[in-house]
>>> print(open('final26.txt').read())   # compact mmCIF, C-alpha atoms and all ligand atoms
# COMPACT_ATOMS: atom_id res chain seq x y z
CA MET A 1 8.84 -24.97 -17.89
CA LYS A 2 5.46 -26.28 -19.02
CA LEU A 3 2.97 -23.81 -20.46
CA SER A 4 0.62 -24.32 -17.50
CA GLN A 5 3.49 -23.59 -15.05
CA PHE A 6 4.47 -20.49 -17.00
CA LEU A 7 0.91 -19.18 -17.03
CA SER A 8 0.60 -19.72 -13.31
CA PHE A 9 4.01 -18.05 -12.74
CA SER A 10 3.19 -14.99 -14.87
CA GLY A 11 -0.24 -14.77 -13.24
CA ASN A 12 1.39 -14.68 -9.81
CA CYS A 13 3.81 -11.96 -10.96
CA LYS A 14 0.84 -9.89 -12.02
CA ILE A 15 -0.72 -10.28 -8.58
CA LEU A 16 2.59 -9.34 -6.92
CA LYS A 17 2.83 -6.21 -9.03
CA MET A 18 -0.64 -5.16 -7.95
CA VAL A 19 0.19 -5.00 -4.22
CA ARG A 20 0.17 -1.36 -3.19
CA LYS A 21 0.71 -0.49 0.46
CA PHE A 22 -2.43 1.12 1.86
CA CYS A 23 -1.71 4.72 2.79
CA VAL A 24 -3.88 6.89 5.03
CA GLY A 25 -3.24 10.60 5.37
CA GLY A 26 -4.82 12.93 7.87
CA ASN A 27 -5.17 16.48 6.63
CA TRP A 28 -5.59 18.67 9.69
CA LYS A 29 -6.02 21.74 7.47
CA MET A 30 -5.84 25.06 9.41
CA ASN A 31 -6.92 23.50 12.68
CA GLY A 32 -5.36 22.86 16.05
CA ASP A 33 -3.14 24.57 18.54
CA LYS A 34 -0.34 23.12 20.67
CA ALA A 35 -2.76 21.61 23.18
CA ALA A 36 -5.01 20.01 20.55
CA ILE A 37 -2.05 18.71 18.52
CA ALA A 38 -0.47 17.21 21.64
CA GLU A 39 -3.76 15.43 22.33
CA ILE A 40 -4.01 13.98 18.79
CA CYS A 41 -0.35 12.89 18.80
CA LYS A 42 -0.79 11.23 22.19
CA SER A 43 -3.82 9.29 21.01
CA LEU A 44 -2.03 8.20 17.80
CA SER A 45 1.13 7.22 19.72
CA GLY A 46 -0.83 4.96 22.02
CA ALA A 47 -2.98 3.36 19.34
CA ALA A 48 -2.57 -0.09 17.81
CA LEU A 49 -2.23 0.94 14.16
CA ASP A 50 -2.16 -1.58 11.32
CA SER A 51 1.53 -1.99 10.48
CA ASN A 52 0.58 -2.79 6.86
CA THR A 53 -0.76 0.73 6.43
CA GLU A 54 1.41 3.79 5.92
CA VAL A 55 0.24 6.74 8.03
CA VAL A 56 0.93 10.40 7.32
CA VAL A 57 -0.43 13.44 9.14
CA GLY A 58 -0.65 16.76 7.31
CA CYS A 59 0.09 19.40 9.86
CA PRO A 60 0.05 23.24 9.65
CA ALA A 61 3.63 24.24 8.73
CA LEU A 62 4.11 26.11 11.99
CA TYR A 63 3.53 22.94 14.01
CA VAL A 64 5.54 20.44 11.93
CA ILE A 65 8.51 20.44 14.33
CA TYR A 66 6.20 20.12 17.32
CA ALA A 67 4.12 17.24 15.89
CA ARG A 68 7.26 15.44 14.65
CA GLY A 69 8.65 15.53 18.17
CA LEU A 70 5.49 13.98 19.63
CA LEU A 71 4.81 11.21 17.10
CA PRO A 72 6.47 7.81 16.78
CA ASN A 73 8.72 7.24 13.75
CA THR A 74 6.10 4.94 12.25
CA ILE A 75 3.93 7.99 11.52
CA SER A 76 5.17 10.51 8.96
CA VAL A 77 4.48 14.21 8.98
CA ALA A 78 3.45 16.20 5.91
CA GLY A 79 3.21 19.89 5.17
CA GLN A 80 -0.03 21.01 3.51
CA ASN A 81 1.55 23.28 0.91
CA ALA A 82 5.00 24.42 -0.21
CA TYR A 83 6.25 26.87 -2.78
CA LYS A 84 7.98 25.95 -6.03
CA VAL A 85 11.44 27.29 -5.21
CA ALA A 86 13.90 26.69 -2.36
CA LYS A 87 14.24 30.19 -0.91
CA GLY A 88 14.03 33.87 -1.61
CA ALA A 89 11.78 36.89 -1.49
CA PHE A 90 8.41 35.13 -1.26
CA THR A 91 6.86 36.61 1.87
CA GLY A 92 4.66 34.18 3.74
CA GLU A 93 5.67 31.09 1.76
CA VAL A 94 7.36 27.93 3.00
CA SER A 95 9.73 25.82 0.89
CA PRO A 96 9.99 22.04 0.69
CA ALA A 97 13.54 22.35 2.08
CA MET A 98 12.15 24.10 5.16
CA LEU A 99 9.48 21.44 5.69
CA LYS A 100 12.15 18.76 5.38
CA ASP A 101 14.43 20.58 7.79
CA ALA A 102 11.53 20.73 10.27
CA GLY A 103 11.04 16.96 10.06
CA ALA A 104 8.38 16.48 7.37
CA ASP A 105 8.82 13.68 4.83
CA TRP A 106 5.74 14.53 2.79
CA VAL A 107 3.81 17.48 1.43
CA ILE A 108 0.20 17.66 0.29
CA LEU A 109 -0.03 19.68 -2.93
CA GLY A 110 -2.91 20.80 -5.13
CA HIS A 111 -5.62 20.39 -2.52
CA SER A 112 -8.93 21.73 -3.84
CA GLU A 113 -8.87 24.42 -1.15
CA ARG A 114 -5.55 25.63 -2.60
CA ARG A 115 -6.96 25.41 -6.11
CA GLN A 116 -10.25 27.17 -5.33
CA ILE A 117 -9.58 29.63 -2.50
CA PHE A 118 -5.98 30.50 -3.39
CA LYS A 119 -6.49 30.17 -7.17
CA GLU A 120 -3.59 27.76 -7.70
CA SER A 121 -3.45 26.64 -11.32
CA ASP A 122 -2.77 23.13 -12.62
CA GLU A 123 0.57 24.45 -13.89
CA LEU A 124 1.67 25.94 -10.55
CA ILE A 125 0.72 22.71 -8.76
CA GLY A 126 2.75 20.71 -11.29
CA GLU A 127 5.75 22.99 -10.69
CA LYS A 128 5.36 22.66 -6.93
CA CYS A 129 5.25 18.86 -7.21
CA ALA A 130 8.40 18.79 -9.34
CA HIS A 131 10.31 21.00 -6.92
CA ALA A 132 9.15 19.16 -3.78
CA LEU A 133 10.17 15.82 -5.31
CA ALA A 134 13.55 17.23 -6.38
CA GLU A 135 14.09 18.37 -2.78
CA GLY A 136 13.41 14.85 -1.52
CA LEU A 137 9.88 15.22 -0.16
CA LYS A 138 7.20 12.68 -1.00
CA VAL A 139 4.08 14.22 -2.49
CA ILE A 140 0.37 13.65 -2.05
CA ALA A 141 -0.98 15.31 -5.20
CA CYS A 142 -4.70 16.09 -5.07
CA ILE A 143 -7.16 16.15 -7.93
CA GLY A 144 -10.94 16.16 -8.16
CA GLU A 145 -13.99 17.65 -9.85
CA THR A 146 -16.54 20.16 -8.54
CA LEU A 147 -20.24 19.34 -8.25
CA GLU A 148 -20.95 21.44 -11.33
CA GLU A 149 -18.35 19.51 -13.32
CA ARG A 150 -19.72 16.15 -12.14
CA GLU A 151 -23.26 17.13 -13.01
CA ALA A 152 -22.10 18.23 -16.45
CA GLY A 153 -20.60 14.75 -16.98
CA LYS A 154 -17.06 16.15 -16.94
CA THR A 155 -15.52 14.19 -14.05
CA GLU A 156 -13.10 12.18 -16.18
CA GLU A 157 -12.21 15.15 -18.38
CA VAL A 158 -11.29 17.18 -15.28
CA VAL A 159 -9.28 14.54 -13.42
CA PHE A 160 -7.48 13.47 -16.61
CA ARG A 161 -6.59 17.11 -17.34
CA GLN A 162 -5.29 17.64 -13.80
CA THR A 163 -3.29 14.39 -13.89
CA GLY A 164 -2.05 15.23 -17.38
CA VAL A 165 -0.57 18.53 -16.20
CA LEU A 166 1.00 16.75 -13.20
CA SER A 167 2.57 14.25 -15.60
CA LYS A 168 4.26 17.03 -17.56
CA HIS A 169 6.16 17.90 -14.37
CA ILE A 170 6.55 14.53 -12.64
CA LYS A 171 9.02 12.22 -14.30
CA ASP A 172 9.41 9.70 -11.49
CA TRP A 173 6.17 8.72 -9.78
CA SER A 174 7.72 6.46 -7.13
CA ASN A 175 7.43 9.11 -4.38
CA VAL A 176 3.96 10.27 -5.35
CA VAL A 177 0.51 9.36 -4.06
CA LEU A 178 -2.45 10.65 -6.05
CA ALA A 179 -5.45 11.71 -3.95
CA TYR A 180 -8.81 11.74 -5.72
CA GLU A 181 -10.96 14.17 -3.76
CA PRO A 182 -14.26 15.13 -5.39
CA VAL A 183 -14.79 18.72 -4.27
CA TRP A 184 -18.50 18.10 -3.60
CA ALA A 185 -17.60 15.45 -1.03
CA ILE A 186 -15.11 17.53 0.96
CA GLY A 187 -16.37 18.64 4.35
CA THR A 188 -19.97 18.14 3.22
CA GLY A 189 -20.77 14.78 4.77
CA LYS A 190 -21.61 13.60 1.22
CA THR A 191 -19.18 10.77 0.56
CA ALA A 192 -18.80 9.39 -2.93
CA THR A 193 -20.28 5.90 -2.88
CA PRO A 194 -17.68 3.14 -3.04
CA GLN A 195 -18.86 2.51 -6.62
CA GLN A 196 -18.52 6.17 -7.64
CA ALA A 197 -15.02 6.38 -6.14
CA GLN A 198 -13.92 3.03 -7.61
CA GLU A 199 -15.16 4.08 -11.05
CA VAL A 200 -12.98 7.21 -11.07
CA HIS A 201 -9.96 5.40 -9.58
CA ALA A 202 -10.22 2.66 -12.23
CA ALA A 203 -10.55 5.28 -14.99
CA LEU A 204 -7.45 7.05 -13.64
CA ARG A 205 -5.52 3.78 -13.68
CA GLN A 206 -6.48 3.21 -17.30
CA TRP A 207 -5.41 6.76 -18.11
CA LEU A 208 -2.04 6.13 -16.41
CA THR A 209 -1.54 2.92 -18.41
CA LYS A 210 -2.27 4.69 -21.66
CA ASN A 211 -0.45 7.95 -21.03
CA ILE A 212 2.40 7.10 -18.66
CA SER A 213 3.17 3.40 -18.27
CA GLN A 214 1.80 0.08 -17.09
CA ALA A 215 4.34 0.10 -14.25
CA VAL A 216 3.17 3.48 -12.92
CA SER A 217 -0.46 2.47 -13.32
CA ASP A 218 0.17 -0.73 -11.34
CA SER A 219 2.21 0.83 -8.56
CA LEU A 220 0.83 4.35 -8.02
CA ARG A 221 -1.34 4.57 -4.94
CA ILE A 222 -4.60 6.44 -5.40
CA GLN A 223 -6.23 7.66 -2.19
CA TYR A 224 -9.85 8.65 -1.90
CA GLY A 225 -10.73 11.79 0.08
CA GLY A 226 -14.05 13.41 0.94
CA SER A 227 -16.07 12.84 4.11
CA VAL A 228 -14.31 9.58 4.97
CA THR A 229 -15.41 8.37 8.42
CA ALA A 230 -15.04 5.30 10.60
CA ALA A 231 -18.51 4.30 9.38
CA ASN A 232 -17.81 4.32 5.64
CA CYS A 233 -14.09 3.56 5.42
CA ARG A 234 -14.26 -0.25 5.29
CA GLU A 235 -16.48 -0.47 2.27
CA LEU A 236 -14.43 2.17 0.45
CA ALA A 237 -11.20 0.36 1.41
CA SER A 238 -12.49 -2.88 -0.08
CA GLN A 239 -12.57 -1.41 -3.60
CA PRO A 240 -9.73 -2.76 -5.74
CA ASP A 241 -8.39 0.61 -6.89
CA ILE A 242 -8.70 2.53 -3.60
CA ASP A 243 -5.27 2.43 -1.96
CA GLY A 244 -5.89 4.65 1.02
CA PHE A 245 -7.59 7.80 2.18
CA LEU A 246 -6.93 11.47 2.66
CA VAL A 247 -9.04 12.39 5.67
CA GLY A 248 -10.01 15.89 6.76
CA GLY A 249 -12.44 16.39 9.64
CA ALA A 250 -12.24 12.84 10.98
CA SER A 251 -8.42 13.03 11.19
CA LEU A 252 -8.80 15.40 14.14
CA LYS A 253 -10.85 12.84 16.05
CA PRO A 254 -10.13 9.46 17.66
CA GLU A 255 -12.03 7.77 14.79
CA PHE A 256 -8.95 8.42 12.60
CA ILE A 257 -7.48 5.32 14.24
CA ASP A 258 -10.37 3.20 12.92
CA ILE A 259 -9.86 4.70 9.46
CA VAL A 260 -6.14 3.83 9.54
CA ASN A 261 -7.19 0.31 10.48
CA ALA A 262 -9.82 0.04 7.74
CA LYS A 263 -8.01 -2.92 6.13
CA LYS A 264 -7.26 -4.75 9.40
O1 LIG A 301 -10.19 17.63 2.12
C1 LIG A 301 -10.13 16.52 2.62
C2 LIG A 301 -8.86 15.86 2.87
O2 LIG A 301 -7.82 16.51 2.22
C3 LIG A 301 -11.36 15.81 3.03
O3 LIG A 301 -11.97 16.55 4.03
P1 LIG A 301 -13.18 15.87 4.86
O4 LIG A 301 -12.73 14.49 5.25
O5 LIG A 301 -13.38 16.78 6.03
O6 LIG A 301 -14.35 15.82 3.92
>>> encode(input="final26.txt", output="structure tokens")
Amino acid sequence: MKLSQFLSFSGNCKILKMVRKFCVGGNWKMNGDKAAIAEICKSLSGAALDSNTEVVVGCPALYVIYARGLLPNTISVAGQNAYKVAKGAFTGEVSPAMLKDAGADWVILGHSERRQIFKESDELIGEKCAHALAEGLKVIACIGETLEEREAGKTEEVVFRQTGVLSKHIKDWSNVVLAYEPVWAIGTGKTATPQQAQEVHAALRQWLTKNISQAVSDSLRIQYGGSVTAANCRELASQPDIDGFLVGGASLKPEFIDIVNAKK
């Protein structure tokens, strides 16, 4: 093989390695009842969704079985939290095994609402991720800085610390999606600009290269979350290191379909 052919071949390999399937998650949070969930599932079932995008809906645990029964197989269901052990005397908790049994394939862990309102530590979230993965669930692991931390110039320090603790517990990243959700952008209508989001995603990828491996850095999908709407999703989706979204408020509305189709 000539040098020029080799360079072109290795260049192509690099491009191939970089392809990460776009993944859009809807996080319904503690919203919905049977009637509202049936409505959302009906609208998603009838929609023309981009088949190149993976779609996951994060449903209240109580409704996982119900939503699973109403959605097509092309849409996965996630729990929004799960405890770090399989069963036992943990009143009020739900285990990954239970979510799986109910039909979920995914679980969202470490959401900032869990971290802030329910005081979940980096360590507990790492343990929950390890257990959920061991039980065969895929994990959307959330990280992100508060407004105070951003204004103090600590964004990278915070997201690297959170990812660092995750990496102590996660040995195989192939069933993990990382969701970067700046706390100041969640439910506030203040989206990070595409440049702000891209900057953090690119920094995370560099951190992954340095601290985990080039392969994980190249293949791990990093979603952006925080006031994503049909109006801002296309520009965000065009950033090279944004591999999907985790959508709160807009995932309860018909515009979620446009967000899923942001790359179409
Ligand atoms: O928390 C979020 C997704 O997990 C984002 O919520 P919003 O899209 O409502 O800002």
>>> residues_near_ligand(input="final26.txt", ligand="ligand LIG 301 (chain A)", cutoff="7 Å", atoms="all atoms listed in the file", output="PDB file with C-alpha atoms, in the coordinates of the input")
ATOM      1  CA  ASN A  27      -5.170  16.480   6.630  1.00  0.00           C
ATOM      2  CA  HIS A 111      -5.620  20.390  -2.520  1.00  0.00           C
ATOM      3  CA  GLU A 181     -10.960  14.170  -3.760  1.00  0.00           C
ATOM      4  CA  ALA A 185     -17.600  15.450  -1.030  1.00  0.00           C
ATOM      5  CA  ILE A 186     -15.110  17.530   0.960  1.00  0.00           C
ATOM      6  CA  GLY A 187     -16.370  18.640   4.350  1.00  0.00           C
ATOM      7  CA  THR A 188     -19.970  18.140   3.220  1.00  0.00           C
ATOM      8  CA  GLY A 189     -20.770  14.780   4.770  1.00  0.00           C
ATOM      9  CA  GLY A 225     -10.730  11.790   0.080  1.00  0.00           C
ATOM     10  CA  GLY A 226     -14.050  13.410   0.940  1.00  0.00           C
ATOM     11  CA  SER A 227     -16.070  12.840   4.110  1.00  0.00           C
ATOM     12  CA  VAL A 228     -14.310   9.580   4.970  1.00  0.00           C
ATOM     13  CA  LEU A 246      -6.930  11.470   2.660  1.00  0.00           C
ATOM     14  CA  VAL A 247      -9.040  12.390   5.670  1.00  0.00           C
ATOM     15  CA  GLY A 248     -10.010  15.890   6.760  1.00  0.00           C
ATOM     16  CA  GLY A 249     -12.440  16.390   9.640  1.00  0.00           C
ATOM     17  CA  ALA A 250     -12.240  12.840  10.980  1.00  0.00           C
TER      18      ALA A 250
END
>>> atom_distance(input="final26.txt", atom1="CA of Gln116 (chain A)", atom2="CA of His169 (chain A)")
20.9 Å
>>> atom_distance(input="final26.txt", atom1="CA of Gly58 (chain A)", atom2="CA of Ser76 (chain A)")
8.7 Å
>>> atom_distance(input="final26.txt", atom1="CA of Ala97 (chain A)", atom2="CA of Cys129 (chain A)")
12.9 Å
>>> closest_residue(input="final26.txt", among="A:Gly46, A:Gly79, A:Gly69, A:Gly244", to="Val107 (chain A)", atoms="only C-alpha atoms")
A:Gly79
>>> closest_residue(input="final26.txt", among="A:Leu208, A:Ala134, A:Ala78, A:Leu44", to="Pro60 (chain A)", atoms="only C-alpha atoms")
A:Ala78
>>> residues_around(input="final26.txt", residues="Leu133 (chain A)", least_positions_apart="2", cutoff="9 Å", atoms="only C-alpha atoms", output="list of chain:residue names")
A:Pro96, A:Lys128, A:Cys129, A:Ala130, A:His131, A:Glu135, A:Gly136, A:Leu137, A:Lys138, A:Val139, A:Ile170, A:Asp172, A:Asn175, A:Val176
>>> residues_around(input="final26.txt", residues="Asp218 (chain A)", least_positions_apart="2", cutoff="12 Å", atoms="only C-alpha atoms", output="PyMOL selection string")
chain A and resi 13-21+173-174+201-202+204-210+212-216+220-222+240-241+243
>>> residues_around(input="final26.txt", residues="Ala141 (chain A)", least_positions_apart="6", cutoff="7 Å", atoms="all atoms listed in the file", output="compact mmCIF listing (two decimals) with C-alpha atoms, keeping the file's coordinate frame")
# COMPACT_ATOMS: atom_id res chain seq x y z
CA ILE A 108 0.20 17.66 0.29
CA LEU A 109 -0.03 19.68 -2.93
CA GLY A 110 -2.91 20.80 -5.13
CA VAL A 177 0.51 9.36 -4.06
CA LEU A 178 -2.45 10.65 -6.05
CA ALA A 179 -5.45 11.71 -3.95
>>> closest_residue(input="final26.txt", among="A:Met30, A:Ile259, A:Val158, A:Val64", to="Val77 (chain A)", atoms="all atoms listed in the file")
A:Val64
>>> closest_residue(input="final26.txt", among="A:Val24, A:Ala203, A:Leu99, A:Val159", to="Val56 (chain A)", atoms="all atoms listed in the file")
A:Val24
>>> closest_residue(input="final26.txt", among="A:Ile257, A:Val94, A:Leu71, A:Ile143", to="Lys42 (chain A)", atoms="all atoms listed in the file")
A:Leu71
>>> decode(input="final26.txt", residues="region 32-53 of chain A", atoms="N, CA and C atoms", output="compact mmCIF listing (two decimals), in the first residue's frame")
# COMPACT_ATOMS: atom_id res chain seq x y z
N GLY A 32 -47.58 13.48 34.54
CA GLY A 32 -48.41 12.56 33.76
C GLY A 32 -49.28 11.68 34.63
N ASP A 33 -50.36 11.25 34.02
CA ASP A 33 -51.22 10.22 34.60
C ASP A 33 -51.55 9.27 33.45
N LYS A 34 -52.38 8.28 33.67
CA LYS A 34 -52.62 7.30 32.60
C LYS A 34 -53.12 7.97 31.32
N ALA A 35 -54.03 8.94 31.49
CA ALA A 35 -54.61 9.58 30.30
C ALA A 35 -53.54 10.36 29.54
N ALA A 36 -52.72 11.14 30.26
CA ALA A 36 -51.70 11.96 29.60
C ALA A 36 -50.63 11.08 28.95
N ILE A 37 -50.26 10.00 29.64
CA ILE A 37 -49.22 9.11 29.10
C ILE A 37 -49.74 8.39 27.84
N ALA A 38 -51.00 8.01 27.88
CA ALA A 38 -51.59 7.36 26.69
C ALA A 38 -51.55 8.33 25.50
N GLU A 39 -51.82 9.58 25.77
CA GLU A 39 -51.82 10.61 24.72
C GLU A 39 -50.41 10.76 24.12
N ILE A 40 -49.41 10.87 24.98
CA ILE A 40 -48.02 11.04 24.50
C ILE A 40 -47.60 9.80 23.69
N CYS A 41 -47.91 8.62 24.23
CA CYS A 41 -47.50 7.38 23.55
C CYS A 41 -48.18 7.26 22.19
N LYS A 42 -49.43 7.69 22.12
CA LYS A 42 -50.17 7.63 20.86
C LYS A 42 -49.51 8.56 19.84
N SER A 43 -49.16 9.76 20.28
CA SER A 43 -48.56 10.71 19.34
C SER A 43 -47.18 10.21 18.89
N LEU A 44 -46.41 9.61 19.81
CA LEU A 44 -45.09 9.09 19.40
C LEU A 44 -45.23 7.88 18.47
N SER A 45 -46.23 7.04 18.75
CA SER A 45 -46.42 5.83 17.92
C SER A 45 -46.78 6.19 16.49
N GLY A 46 -47.51 7.29 16.34
CA GLY A 46 -47.95 7.66 14.99
C GLY A 46 -46.97 8.55 14.25
N ALA A 47 -45.90 8.96 14.92
CA ALA A 47 -45.00 9.95 14.31
C ALA A 47 -43.95 9.31 13.41
N ALA A 48 -43.51 10.06 12.41
CA ALA A 48 -42.40 9.60 11.56
C ALA A 48 -41.10 10.03 12.23
N LEU A 49 -40.50 9.12 12.99
CA LEU A 49 -39.28 9.45 13.74
C LEU A 49 -38.05 9.01 12.95
N ASP A 50 -37.03 9.82 12.99
CA ASP A 50 -35.77 9.53 12.29
C ASP A 50 -35.21 8.18 12.77
N SER A 51 -35.10 7.22 11.83
CA SER A 51 -34.66 5.88 12.26
C SER A 51 -33.16 5.87 12.60
N ASN A 52 -32.46 6.95 12.29
CA ASN A 52 -31.04 7.02 12.67
C ASN A 52 -30.85 7.55 14.08
N THR A 53 -31.95 7.88 14.74
CA THR A 53 -31.85 8.40 16.11
C THR A 53 -32.47 7.41 17.08
